[in-house]
$ cat entry-v2.pdb   # PDB, C-alpha atoms and all ligand atoms
ATOM      1  CA  MET A   1      14.628  -1.723  44.720
ATOM      2  CA  SER A   2      12.542  -4.830  44.163
ATOM      3  CA  ASN A   3      10.539  -5.188  40.987
ATOM      4  CA  PRO A   4       6.817  -5.936  41.647
ATOM      5  CA  ASN A   5       6.568  -7.810  38.347
ATOM      6  CA  ILE A   6       9.107 -10.407  39.516
ATOM      7  CA  TYR A   7       7.498 -13.147  41.589
ATOM      8  CA  ALA A   8       9.115 -15.896  43.649
ATOM      9  CA  ALA A   9       7.434 -18.779  41.817
ATOM     10  CA  LEU A  10       5.242 -19.547  38.833
ATOM     11  CA  PRO A  11       1.851 -20.269  40.417
ATOM     12  CA  GLU A  12      -0.550 -23.089  39.565
ATOM     13  CA  THR A  13      -2.980 -20.452  38.321
ATOM     14  CA  PRO A  14      -2.070 -16.800  37.782
ATOM     15  CA  ASP A  15      -4.312 -14.341  39.637
ATOM     16  CA  ALA A  16      -6.110 -11.339  38.153
ATOM     17  CA  ASP A  17      -3.555  -8.924  39.629
ATOM     18  CA  MET A  18      -0.707 -10.656  37.776
ATOM     19  CA  ILE A  19      -2.549 -10.595  34.484
ATOM     20  CA  ALA A  20      -3.404  -6.902  34.984
ATOM     21  CA  LYS A  21       0.331  -6.202  35.493
ATOM     22  CA  TYR A  22       1.145  -8.171  32.340
ATOM     23  CA  ARG A  23      -1.329  -6.106  30.309
ATOM     24  CA  LYS A  24      -0.027  -2.823  31.741
ATOM     25  CA  ASP A  25       3.743  -3.467  31.777
ATOM     26  CA  GLY A  26       4.043  -6.113  29.058
ATOM     27  CA  TYR A  27       5.942  -8.658  31.122
ATOM     28  CA  LEU A  28       6.061 -10.820  34.265
ATOM     29  CA  ALA A  29       8.931 -12.864  35.663
ATOM     30  CA  PHE A  30       9.100 -15.826  38.044
ATOM     31  CA  LEU A  31      12.316 -16.793  39.819
ATOM     32  CA  ASN A  32      11.265 -20.394  40.122
ATOM     33  CA  ALA A  33       9.471 -22.064  37.196
ATOM     34  CA  LEU A  34      11.351 -25.210  36.107
ATOM     35  CA  THR A  35      12.588 -27.749  38.648
ATOM     36  CA  PRO A  36      16.381 -28.191  38.956
ATOM     37  CA  GLU A  37      15.963 -31.575  37.206
ATOM     38  CA  GLU A  38      14.088 -30.018  34.269
ATOM     39  CA  THR A  39      16.669 -27.252  34.017
ATOM     40  CA  GLN A  40      19.538 -29.742  34.070
ATOM     41  CA  ALA A  41      17.893 -31.955  31.438
ATOM     42  CA  ALA A  42      17.261 -28.942  29.195
ATOM     43  CA  SER A  43      20.872 -27.865  29.616
ATOM     44  CA  ASN A  44      22.271 -31.366  28.927
ATOM     45  CA  GLY A  45      20.060 -31.511  25.845
ATOM     46  CA  ILE A  46      22.124 -28.784  24.170
ATOM     47  CA  ASN A  47      25.263 -30.938  24.415
ATOM     48  CA  GLU A  48      23.317 -34.005  23.314
ATOM     49  CA  LEU A  49      22.079 -32.291  20.156
ATOM     50  CA  VAL A  50      25.492 -30.848  19.340
ATOM     51  CA  HIS A  51      27.021 -34.347  19.677
ATOM     52  CA  LYS A  52      24.295 -35.771  17.462
ATOM     53  CA  TYR A  53      24.424 -33.210  14.659
ATOM     54  CA  ALA A  54      27.717 -31.300  14.540
ATOM     55  CA  PHE A  55      30.101 -32.476  11.810
ATOM     56  CA  ASN A  56      27.830 -35.415  10.961
ATOM     57  CA  GLU A  57      27.613 -35.053   7.176
ATOM     58  CA  GLU A  58      24.775 -37.554   6.895
ATOM     59  CA  LEU A  59      22.506 -35.671   9.291
ATOM     60  CA  THR A  60      23.712 -32.118   8.928
ATOM     61  CA  GLU A  61      24.439 -29.469   6.338
ATOM     62  CA  HIS A  62      27.285 -27.164   7.458
ATOM     63  CA  VAL A  63      26.919 -23.649   6.140
ATOM     64  CA  SER A  64      29.830 -21.290   6.508
ATOM     65  CA  LYS A  65      28.287 -17.840   6.357
ATOM     66  CA  GLY A  66      31.627 -16.051   6.458
ATOM     67  CA  PHE A  67      32.046 -12.328   6.842
ATOM     68  CA  ASN A  68      29.825 -11.022   4.095
ATOM     69  CA  GLU A  69      27.426  -8.136   3.840
ATOM     70  CA  THR A  70      25.150  -9.432   6.566
ATOM     71  CA  SER A  71      25.204  -8.317  10.171
ATOM     72  CA  LYS A  72      27.560  -9.643  12.833
ATOM     73  CA  ASN A  73      25.052 -11.778  14.717
ATOM     74  CA  SER A  74      24.392 -14.005  11.719
ATOM     75  CA  ASN A  75      27.982 -14.823  10.817
ATOM     76  CA  GLY A  76      28.918 -17.964  12.799
ATOM     77  CA  LEU A  77      29.080 -21.470  11.292
ATOM     78  CA  LEU A  78      25.521 -22.760  10.789
ATOM     79  CA  PHE A  79      24.617 -26.433  11.339
ATOM     80  CA  ARG A  80      21.346 -27.334   9.631
ATOM     81  CA  SER A  81      19.643 -30.719  10.131
ATOM     82  CA  ARG A  82      18.875 -32.491   6.840
ATOM     83  CA  THR A  83      15.894 -34.302   8.367
ATOM     84  CA  SER A  84      14.122 -31.605  10.411
ATOM     85  CA  ASP A  85      13.930 -27.815  10.830
ATOM     86  CA  PHE A  86      16.400 -27.938  13.694
ATOM     87  CA  HIS A  87      19.479 -25.740  13.211
ATOM     88  CA  PHE A  88      22.082 -24.051  15.348
ATOM     89  CA  GLN A  89      24.753 -21.470  14.864
ATOM     90  CA  ALA A  90      28.103 -20.865  16.543
ATOM     91  CA  GLU A  91      28.992 -17.449  17.934
ATOM     92  CA  SER A  92      30.524 -15.402  15.108
ATOM     93  CA  SER A  93      34.020 -15.223  16.641
ATOM     94  CA  TYR A  94      34.164 -18.939  17.566
ATOM     95  CA  ALA A  95      35.848 -21.511  15.280
ATOM     96  CA  ALA A  96      34.020 -24.837  15.710
ATOM     97  CA  GLN A  97      36.146 -28.013  15.673
ATOM     98  CA  PRO A  98      34.914 -31.618  15.296
ATOM     99  CA  ASP A  99      36.985 -32.900  18.231
ATOM    100  CA  LYS A 100      35.687 -30.234  20.655
ATOM    101  CA  LEU A 101      31.951 -30.744  20.699
ATOM    102  CA  ASP A 102      31.321 -29.870  24.358
ATOM    103  CA  GLU A 103      33.288 -26.689  23.808
ATOM    104  CA  LEU A 104      31.157 -26.009  20.724
ATOM    105  CA  ALA A 105      27.997 -26.525  22.828
ATOM    106  CA  ASP A 106      29.244 -23.766  25.121
ATOM    107  CA  ASN A 107      29.898 -21.453  22.177
ATOM    108  CA  ILE A 108      26.629 -21.621  20.309
ATOM    109  CA  ARG A 109      24.822 -18.368  19.745
ATOM    110  CA  LYS A 110      21.413 -19.680  18.817
ATOM    111  CA  PHE A 111      19.515 -22.904  18.143
ATOM    112  CA  GLN A 112      16.081 -23.090  16.614
ATOM    113  CA  SER A 113      13.086 -25.394  16.047
ATOM    114  CA  PHE A 114      14.109 -27.901  18.689
ATOM    115  CA  THR A 115      10.914 -28.897  20.527
ATOM    116  CA  ASP A 116      10.630 -32.172  18.578
ATOM    117  CA  GLU A 117      14.299 -33.067  19.012
ATOM    118  CA  LEU A 118      14.143 -34.237  22.649
ATOM    119  CA  PRO A 119      11.156 -35.041  24.915
ATOM    120  CA  ILE A 120      12.314 -32.584  27.609
ATOM    121  CA  TYR A 121      11.882 -29.657  25.221
ATOM    122  CA  ASP A 122       8.392 -30.759  24.201
ATOM    123  CA  GLU A 123       7.479 -31.179  27.868
ATOM    124  CA  ILE A 124       8.656 -27.704  28.809
ATOM    125  CA  ALA A 125       7.220 -25.951  25.745
ATOM    126  CA  ASN A 126       3.905 -27.752  25.431
ATOM    127  CA  LYS A 127       3.054 -29.775  28.521
ATOM    128  CA  HIS A 128       4.184 -27.838  31.562
ATOM    129  CA  PRO A 129       0.934 -27.379  33.576
ATOM    130  CA  ARG A 130       1.838 -24.035  35.180
ATOM    131  CA  LEU A 131       3.183 -22.556  31.957
ATOM    132  CA  ARG A 132       0.056 -23.709  30.151
ATOM    133  CA  ALA A 133      -2.111 -22.008  32.789
ATOM    134  CA  LEU A 134      -0.130 -18.773  32.406
ATOM    135  CA  LEU A 135      -0.338 -18.841  28.609
ATOM    136  CA  GLY A 136      -4.047 -19.653  28.735
ATOM    137  CA  ALA A 137      -4.662 -16.625  30.961
ATOM    138  CA  VAL A 138      -2.593 -14.313  28.747
ATOM    139  CA  LEU A 139      -3.508 -15.528  25.241
ATOM    140  CA  GLY A 140      -6.736 -17.511  25.716
ATOM    141  CA  GLU A 141      -7.037 -21.263  26.256
ATOM    142  CA  ASP A 142      -6.857 -22.034  22.543
ATOM    143  CA  TYR A 143      -3.411 -20.464  22.088
ATOM    144  CA  LEU A 144      -0.945 -22.056  19.625
ATOM    145  CA  PRO A 145       2.839 -22.566  19.585
ATOM    146  CA  TYR A 146       4.688 -20.277  17.163
ATOM    147  CA  SER A 147       8.457 -20.860  17.497
ATOM    148  CA  SER A 148      11.281 -22.234  19.626
ATOM    149  CA  MET A 149      14.755 -20.749  20.012
ATOM    150  CA  GLY A 150      17.700 -21.356  22.280
ATOM    151  CA  LEU A 151      19.607 -18.151  22.963
ATOM    152  CA  CYS A 152      23.129 -18.487  24.282
ATOM    153  CA  LYS A 153      25.815 -16.038  25.245
ATOM    154  CA  PRO A 154      29.148 -17.799  25.484
ATOM    155  CA  ALA A 155      31.384 -16.600  28.337
ATOM    156  CA  GLY A 156      33.553 -13.677  27.290
ATOM    157  CA  ILE A 157      32.450 -13.526  23.634
ATOM    158  CA  GLY A 158      28.620 -13.590  23.678
ATOM    159  CA  THR A 159      27.344 -10.708  21.590
ATOM    160  CA  ALA A 160      24.488  -8.307  22.279
ATOM    161  CA  LYS A 161      20.995  -8.623  20.892
ATOM    162  CA  PRO A 162      20.108  -4.941  20.499
ATOM    163  CA  TRP A 163      16.721  -3.345  21.227
ATOM    164  CA  HIS A 164      13.908  -4.850  19.165
ATOM    165  CA  GLN A 165      10.263  -5.895  19.179
ATOM    166  CA  ASP A 166       9.775  -9.575  18.299
ATOM    167  CA  LEU A 167       6.795  -8.715  16.112
ATOM    168  CA  ALA A 168       9.139  -6.769  13.829
ATOM    169  CA  TYR A 169      10.293 -10.251  12.746
ATOM    170  CA  PHE A 170       7.188 -12.433  13.019
ATOM    171  CA  SER A 171       4.802 -12.774  10.099
ATOM    172  CA  VAL A 172       1.491 -12.584  11.908
ATOM    173  CA  ASN A 173      -1.460 -10.452  10.896
ATOM    174  CA  ARG A 174      -2.072  -8.649  14.195
ATOM    175  CA  PHE A 175       0.134  -7.519  17.022
ATOM    176  CA  ASP A 176      -1.967  -7.968  20.149
ATOM    177  CA  GLY A 177      -1.784 -11.735  20.581
ATOM    178  CA  VAL A 178       1.831 -12.960  20.695
ATOM    179  CA  ALA A 179       3.794 -13.770  23.850
ATOM    180  CA  GLY A 180       7.401 -14.846  24.329
ATOM    181  CA  VAL A 181       8.543 -17.078  27.179
ATOM    182  CA  TRP A 182      12.229 -16.808  28.085
ATOM    183  CA  ILE A 183      13.644 -19.433  30.465
ATOM    184  CA  ALA A 184      17.104 -19.098  32.008
ATOM    185  CA  LEU A 185      19.290 -22.217  31.990
ATOM    186  CA  ASP A 186      22.182 -20.409  33.708
ATOM    187  CA  HIS A 187      22.087 -17.566  36.184
ATOM    188  CA  ALA A 188      21.240 -14.546  34.002
ATOM    189  CA  GLN A 189      22.642 -11.349  35.480
ATOM    190  CA  VAL A 190      23.490  -7.882  34.229
ATOM    191  CA  ASP A 191      27.163  -8.731  33.609
ATOM    192  CA  ASN A 192      26.524 -11.872  31.539
ATOM    193  CA  GLY A 193      23.668 -10.512  29.430
ATOM    194  CA  CYS A 194      20.303 -10.843  31.212
ATOM    195  CA  MET A 195      17.160  -9.468  29.571
ATOM    196  CA  HIS A 196      16.300  -5.789  29.774
ATOM    197  CA  VAL A 197      12.782  -4.569  29.020
ATOM    198  CA  ILE A 198      10.972  -1.235  28.802
ATOM    199  CA  PRO A 199       7.933  -1.578  31.071
ATOM    200  CA  GLY A 200       4.780  -0.489  29.239
ATOM    201  CA  GLY A 201       6.740  -0.067  25.982
ATOM    202  CA  HIS A 202       4.442  -2.547  24.211
ATOM    203  CA  LEU A 203       1.597  -0.015  24.335
ATOM    204  CA  ASN A 204       3.221   2.542  22.017
ATOM    205  CA  GLY A 205       2.866   0.674  18.742
ATOM    206  CA  THR A 206       5.514  -0.281  16.216
ATOM    207  CA  ARG A 207       9.059   1.084  16.603
ATOM    208  CA  LYS A 208      11.330   1.792  13.661
ATOM    209  CA  HIS A 209      13.845  -1.021  13.071
ATOM    210  CA  TYR A 210      16.882  -1.081  10.770
ATOM    211  CA  TRP A 211      19.769  -3.470  10.063
ATOM    212  CA  SER A 212      22.773  -2.125  11.932
ATOM    213  CA  LYS A 213      26.230  -3.722  11.747
ATOM    214  CA  VAL A 214      25.130  -5.979  14.616
ATOM    215  CA  ASP A 215      21.542  -6.992  13.946
ATOM    216  CA  CYS A 216      18.054  -5.738  13.196
ATOM    217  CA  GLU A 217      17.385  -3.158  15.892
ATOM    218  CA  ILE A 218      15.223  -0.178  16.856
ATOM    219  CA  THR A 219      16.655   3.181  15.762
ATOM    220  CA  THR A 220      18.210   5.096  18.669
ATOM    221  CA  ASP A 221      15.595   7.860  18.486
ATOM    222  CA  ASP A 222      12.746   5.349  18.889
ATOM    223  CA  VAL A 223      13.866   3.724  22.161
ATOM    224  CA  ASP A 224      15.005   5.247  25.458
ATOM    225  CA  PRO A 225      17.291   2.791  27.292
ATOM    226  CA  SER A 226      17.120   4.927  30.468
ATOM    227  CA  LEU A 227      13.547   3.616  30.911
ATOM    228  CA  SER A 228      14.683  -0.021  30.903
ATOM    229  CA  VAL A 229      14.832  -2.487  33.776
ATOM    230  CA  PRO A 230      17.065  -5.596  34.021
ATOM    231  CA  ILE A 231      15.399  -8.948  34.627
ATOM    232  CA  GLU A 232      17.900 -11.099  36.503
ATOM    233  CA  LEU A 233      16.871 -14.740  36.814
ATOM    234  CA  PRO A 234      18.361 -17.883  38.364
ATOM    235  CA  PRO A 235      18.508 -21.139  36.368
ATOM    236  CA  GLY A 236      14.912 -22.325  35.893
ATOM    237  CA  GLY A 237      13.512 -18.780  36.191
ATOM    238  CA  LEU A 238      11.080 -17.582  33.505
ATOM    239  CA  MET A 239       9.921 -14.336  31.956
ATOM    240  CA  ILE A 240       6.804 -13.944  29.810
ATOM    241  CA  PHE A 241       6.597 -10.838  27.632
ATOM    242  CA  ASP A 242       4.390  -9.252  25.026
ATOM    243  CA  GLY A 243       5.517  -9.565  21.382
ATOM    244  CA  MET A 244       5.527  -5.742  21.089
ATOM    245  CA  LEU A 245       7.667  -5.134  24.193
ATOM    246  CA  PRO A 246      11.062  -3.558  23.362
ATOM    247  CA  HIS A 247      13.807  -5.701  24.896
ATOM    248  CA  GLU A 248      17.551  -6.268  24.575
ATOM    249  CA  THR A 249      20.440  -8.224  26.018
ATOM    250  CA  ALA A 250      24.014  -6.921  26.301
ATOM    251  CA  ASP A 251      27.385  -8.489  25.385
ATOM    252  CA  ASN A 252      28.659 -11.126  27.793
ATOM    253  CA  HIS A 253      32.109  -9.975  28.925
ATOM    254  CA  SER A 254      31.960 -12.137  32.067
ATOM    255  CA  ASN A 255      33.549 -15.553  32.485
ATOM    256  CA  ARG A 256      30.110 -17.199  32.863
ATOM    257  CA  ARG A 257      28.021 -18.487  29.958
ATOM    258  CA  ARG A 258      24.358 -17.414  29.768
ATOM    259  CA  ARG A 259      21.962 -19.736  27.965
ATOM    260  CA  ALA A 260      18.178 -19.547  27.706
ATOM    261  CA  LEU A 261      15.268 -21.223  25.991
ATOM    262  CA  GLN A 262      12.724 -18.993  24.302
ATOM    263  CA  PHE A 263       9.311 -20.110  23.087
ATOM    264  CA  HIS A 264       6.738 -17.950  21.343
ATOM    265  CA  TYR A 265       3.007 -18.540  21.324
ATOM    266  CA  ARG A 266       0.151 -16.809  19.556
ATOM    267  CA  SER A 267      -3.515 -16.445  20.336
ATOM    268  CA  ALA A 268      -5.986 -18.247  18.082
ATOM    269  CA  LYS A 269      -7.221 -14.863  16.831
ATOM    270  CA  THR A 270      -3.869 -14.287  15.072
ATOM    271  CA  GLU A 271      -2.938 -15.807  11.718
ATOM    272  CA  ILE A 272       0.431 -16.544  10.170
ATOM    273  CA  VAL A 273       0.555 -14.576   6.910
ATOM    274  CA  PRO A 274       2.946 -14.182   3.962
ATOM    275  CA  ARG A 275       5.897 -11.807   4.580
ATOM    276  CA  GLU A 276       4.395  -9.280   2.189
ATOM    277  CA  GLU A 277       1.253  -8.947   4.337
ATOM    278  CA  HIS A 278       3.390  -8.433   7.447
ATOM    279  CA  ARG A 279       5.302  -5.709   5.573
ATOM    280  CA  GLN A 280       2.038  -3.902   4.911
ATOM    281  CA  LYS A 281       1.008  -4.056   8.575
ATOM    282  CA  PHE A 282       4.156  -3.491  10.622
ATOM    283  CA  THR A 283       4.336   0.138   9.563
ATOM    284  CA  GLY A 284       5.094   3.563  11.038
ATOM    285  CA  SER A 285       2.801   6.610  11.006
ATOM    286  CA  ASP A 286       3.726   7.261   7.336
ATOM    287  CA  GLY A 287       2.561   3.764   6.325
ATOM    288  CA  MET A 288       6.128   2.557   5.575
ATOM    289  CA  PHE A 289       7.374  -0.836   6.811
ATOM    290  CA  VAL A 290       9.459  -0.462   9.997
ATOM    291  CA  GLY A 291      10.167  -4.143  10.750
ATOM    292  CA  CYS A 292      13.098  -6.397   9.895
ATOM    293  CA  ASP A 293      13.582  -6.767   6.165
ATOM    294  CA  TYR A 294      14.878 -10.219   5.290
ATOM    295  CA  SER A 295      15.592  -9.437   1.659
ATOM    296  CA  LYS A 296      18.961  -8.198   2.978
ATOM    297  CA  PHE A 297      19.848 -11.818   3.742
ATOM    298  CA  GLU A 298      18.212 -13.305   0.703
ATOM    299  CA  ASN A 299      20.263 -11.029  -1.575
ATOM    300  CA  ALA A 300      23.538 -11.283   0.343
ATOM    301  CA  GLY A 301      26.365 -13.222  -1.264
TER     302      GLY A 301
HETATM  303  O1  LIG B 401      19.898 -12.792  24.159
HETATM  304  C1  LIG B 401      18.765 -13.162  24.420
HETATM  305  O2  LIG B 401      18.540 -14.117  25.125
HETATM  306  C2  LIG B 401      17.579 -12.402  23.887
HETATM  307  C3  LIG B 401      17.483 -12.528  22.446
HETATM  308  C4  LIG B 401      16.186 -12.032  21.933
HETATM  309  O3  LIG B 401      15.549 -11.195  22.488
HETATM  310  C5  LIG B 401      15.693 -12.570  20.671
HETATM  311  O4  LIG B 401      16.391 -13.356  20.005
HETATM  312  O5  LIG B 401      14.568 -12.210  20.297
END
$ encode --input "entry-v2.pdb" --output "structure tokens" --more "lines below"
Ligand SMILES: O=C(O)CCC(=O)C(=O)O
Amino acid sequence: MSNPNIYAALPETPDADMIAKYRKDGYLAFLNALTPEETQAASNGINELVHKYAFNEELTEHVSKGFNETSKNSNGLLFRSRTSDFHFQAESSYAAQPDKLDELADNIRKFQSFTDELPIYDEIANKHPRLRALLGAVLGEDYLPYSSMGLCKPAGIGTAKPWHQDLAYFSVNRFDGVAGVWIALDHAQVDNGCMHVIPGGHLNGTRKHYWSKVDCEITTDDVDPSLSVPIELPPGGLMIFDGMLPHETADNHSNRRRRALQFHYRSAKTEIVPREEHRQKFTGSDGMFVGCDYSKFENAG
């Protein structure tokens, strides 16, 4: 059955019907958003940055997180630039080696804060005319960038990102003005870990999150996976989704990698606030914080 929220192409200007669907269901997807050249350049950029930073002691701090108290998804070797906020992390079960950098590029779990690292990323995140038109319609013309992440699922070993709301993590003061943009660099399908979303699930407020053995996720009694739909996208396809929309991606047991870029944006009516203020706002009906508590990491050995 075809999904009416998945369109063939990202239009020059989104129409009112599209925006109404976004408000109601919390997401829209477009099979064709980046050109093949843009997609290829964005994909090559991952290898370029790994070659630049990995095992380069002058540029990079290498943090071995090891198997400590923290959850599985944060365990892989972390490479942190000494000159910028850029950092990337290997999949927890992958042992990075200095003479296998292209292999390492295929076995990254996550890279972050990369829009200033290569012009192609700045162009996609901040200058793409059709994406700008979409974001302007959803968040208002004066929207602002919030974060950049690359999310990768290595073939065979890529681990799940369980059900969560992005605003459980983000320190903003209100929850009605954040959008995520997820762009496939490889074909994202059910068997290699495409996105799943719960249509309309952004309208039911905060969900209760906890740190499981895998990651920070919504408690099983606060999310019903039977209501979810998969969003399969070809390389260059894009999904935009509300910061409150519950979403997840499964393990990648296939022999095909699945990499994506993810950018978040916020409306000008939102403000970035100290973590403590977020804790007081992202609460359940009893007034208790239900988001992702980072003190777990700060206190871990
Ligand atoms: O695996 C993915 O691409 C999705 C990850 C995700 O939703 C997130 O990091 O917020």
$ closest_atom_pairs --input "entry-v2.pdb" --of "chain A" --to "ligand LIG 401 (chain B)" --cutoff "6 Å" --atoms "only C-alpha atoms and all ligand atoms" --output "CSV"
residue,atom,partner,partner_atom,distance
A:Leu151,CA,B:LIG401,O2,4.7
A:Lys161,CA,B:LIG401,O1,5.4
A:Asp166,CA,B:LIG401,O5,5.8
A:Glu248,CA,B:LIG401,O3,5.7
A:Thr249,CA,B:LIG401,O1,5.0
$ closest_residue --input "entry-v2.pdb" --among "A:Glu57, A:Asp215, A:Glu117, A:Glu277" --to "His87 in chain A" --atoms "all atoms listed in the file"
A:Glu117
$ atom_distance --input "entry-v2.pdb" --atom1 "CA of Ser81 in chain A" --atom2 "CA of Val273 in chain A"
25.2 Å
$ closest_residue --input "entry-v2.pdb" --among "A:Tyr27, A:Tyr121, A:Tyr7, A:Trp182" --to "Val229 in chain A" --atoms "all atoms listed in the file"
A:Tyr27
$ resolve_selection --input "entry-v2.pdb" --expression "the PyMOL selection byres (((chain A and resi 85) around 6) and not hetatm)" --output "number ranges by chain"
A: 84, 86, 113
$ closest_residue --input "entry-v2.pdb" --among "A:Pro274, A:Pro129, A:Gly236, A:Gly150" --to "Gly45 in chain A" --atoms "all atoms listed in the file"
A:Gly150
$ closest_residue --input "entry-v2.pdb" --among "A:Ala41, A:Cys292, A:Ile19, A:Leu77" --to "Gly140 in chain A" --atoms "all atoms listed in the file"
A:Ile19
$ atom_distance --input "entry-v2.pdb" --atom1 "CA of Gly136 in chain A" --atom2 "CA of Lys110 in chain A"
27.3 Å
$ build_atoms --input "entry-v2.pdb" --residues "range 197-210 of chain A" --atoms "N, CA and C atoms" --output "PDB file, keeping the file's coordinate frame"
ATOM      1  N   VAL A 197      14.048  -4.893  29.685  1.00  0.00           N
ATOM      2  CA  VAL A 197      12.782  -4.569  29.020  1.00  0.00           C
ATOM      3  C   VAL A 197      12.399  -3.129  29.339  1.00  0.00           C
ATOM      4  N   ILE A 198      11.513  -2.575  28.518  1.00  0.00           N
ATOM      5  CA  ILE A 198      10.972  -1.235  28.802  1.00  0.00           C
ATOM      6  C   ILE A 198       9.524  -1.408  29.251  1.00  0.00           C
ATOM      7  N   PRO A 199       9.289  -1.333  30.571  1.00  0.00           N
ATOM      8  CA  PRO A 199       7.933  -1.578  31.071  1.00  0.00           C
ATOM      9  C   PRO A 199       6.914  -0.669  30.378  1.00  0.00           C
ATOM     10  N   GLY A 200       5.842  -1.254  29.903  1.00  0.00           N
ATOM     11  CA  GLY A 200       4.780  -0.489  29.239  1.00  0.00           C
ATOM     12  C   GLY A 200       5.098  -0.144  27.790  1.00  0.00           C
ATOM     13  N   GLY A 201       6.309  -0.468  27.333  1.00  0.00           N
ATOM     14  CA  GLY A 201       6.740  -0.067  25.982  1.00  0.00           C
ATOM     15  C   GLY A 201       6.005  -0.793  24.873  1.00  0.00           C
ATOM     16  N   HIS A 202       5.224  -1.807  25.224  1.00  0.00           N
ATOM     17  CA  HIS A 202       4.442  -2.547  24.211  1.00  0.00           C
ATOM     18  C   HIS A 202       3.194  -1.776  23.808  1.00  0.00           C
ATOM     19  N   LEU A 203       2.865  -0.719  24.584  1.00  0.00           N
ATOM     20  CA  LEU A 203       1.597  -0.015  24.335  1.00  0.00           C
ATOM     21  C   LEU A 203       1.753   1.138  23.349  1.00  0.00           C
ATOM     22  N   ASN A 204       2.982   1.380  22.894  1.00  0.00           N
ATOM     23  CA  ASN A 204       3.221   2.542  22.017  1.00  0.00           C
ATOM     24  C   ASN A 204       3.365   2.179  20.555  1.00  0.00           C
ATOM     25  N   GLY A 205       2.891   1.022  20.172  1.00  0.00           N
ATOM     26  CA  GLY A 205       2.866   0.674  18.742  1.00  0.00           C
ATOM     27  C   GLY A 205       4.213   0.222  18.214  1.00  0.00           C
ATOM     28  N   THR A 206       4.299   0.194  16.882  1.00  0.00           N
ATOM     29  CA  THR A 206       5.514  -0.281  16.216  1.00  0.00           C
ATOM     30  C   THR A 206       6.648   0.724  16.424  1.00  0.00           C
ATOM     31  N   ARG A 207       7.873   0.221  16.554  1.00  0.00           N
ATOM     32  CA  ARG A 207       9.059   1.084  16.603  1.00  0.00           C
ATOM     33  C   ARG A 207       9.817   0.882  15.295  1.00  0.00           C
ATOM     34  N   LYS A 208      10.614   1.864  14.937  1.00  0.00           N
ATOM     35  CA  LYS A 208      11.330   1.792  13.661  1.00  0.00           C
ATOM     36  C   LYS A 208      12.602   0.958  13.806  1.00  0.00           C
ATOM     37  N   HIS A 209      12.667  -0.143  13.047  1.00  0.00           N
ATOM     38  CA  HIS A 209      13.845  -1.021  13.071  1.00  0.00           C
ATOM     39  C   HIS A 209      14.694  -0.807  11.821  1.00  0.00           C
ATOM     40  N   TYR A 210      15.987  -1.109  11.932  1.00  0.00           N
ATOM     41  CA  TYR A 210      16.882  -1.081  10.770  1.00  0.00           C
ATOM     42  C   TYR A 210      17.981  -2.115  11.001  1.00  0.00           C
TER      43      TYR A 210
END
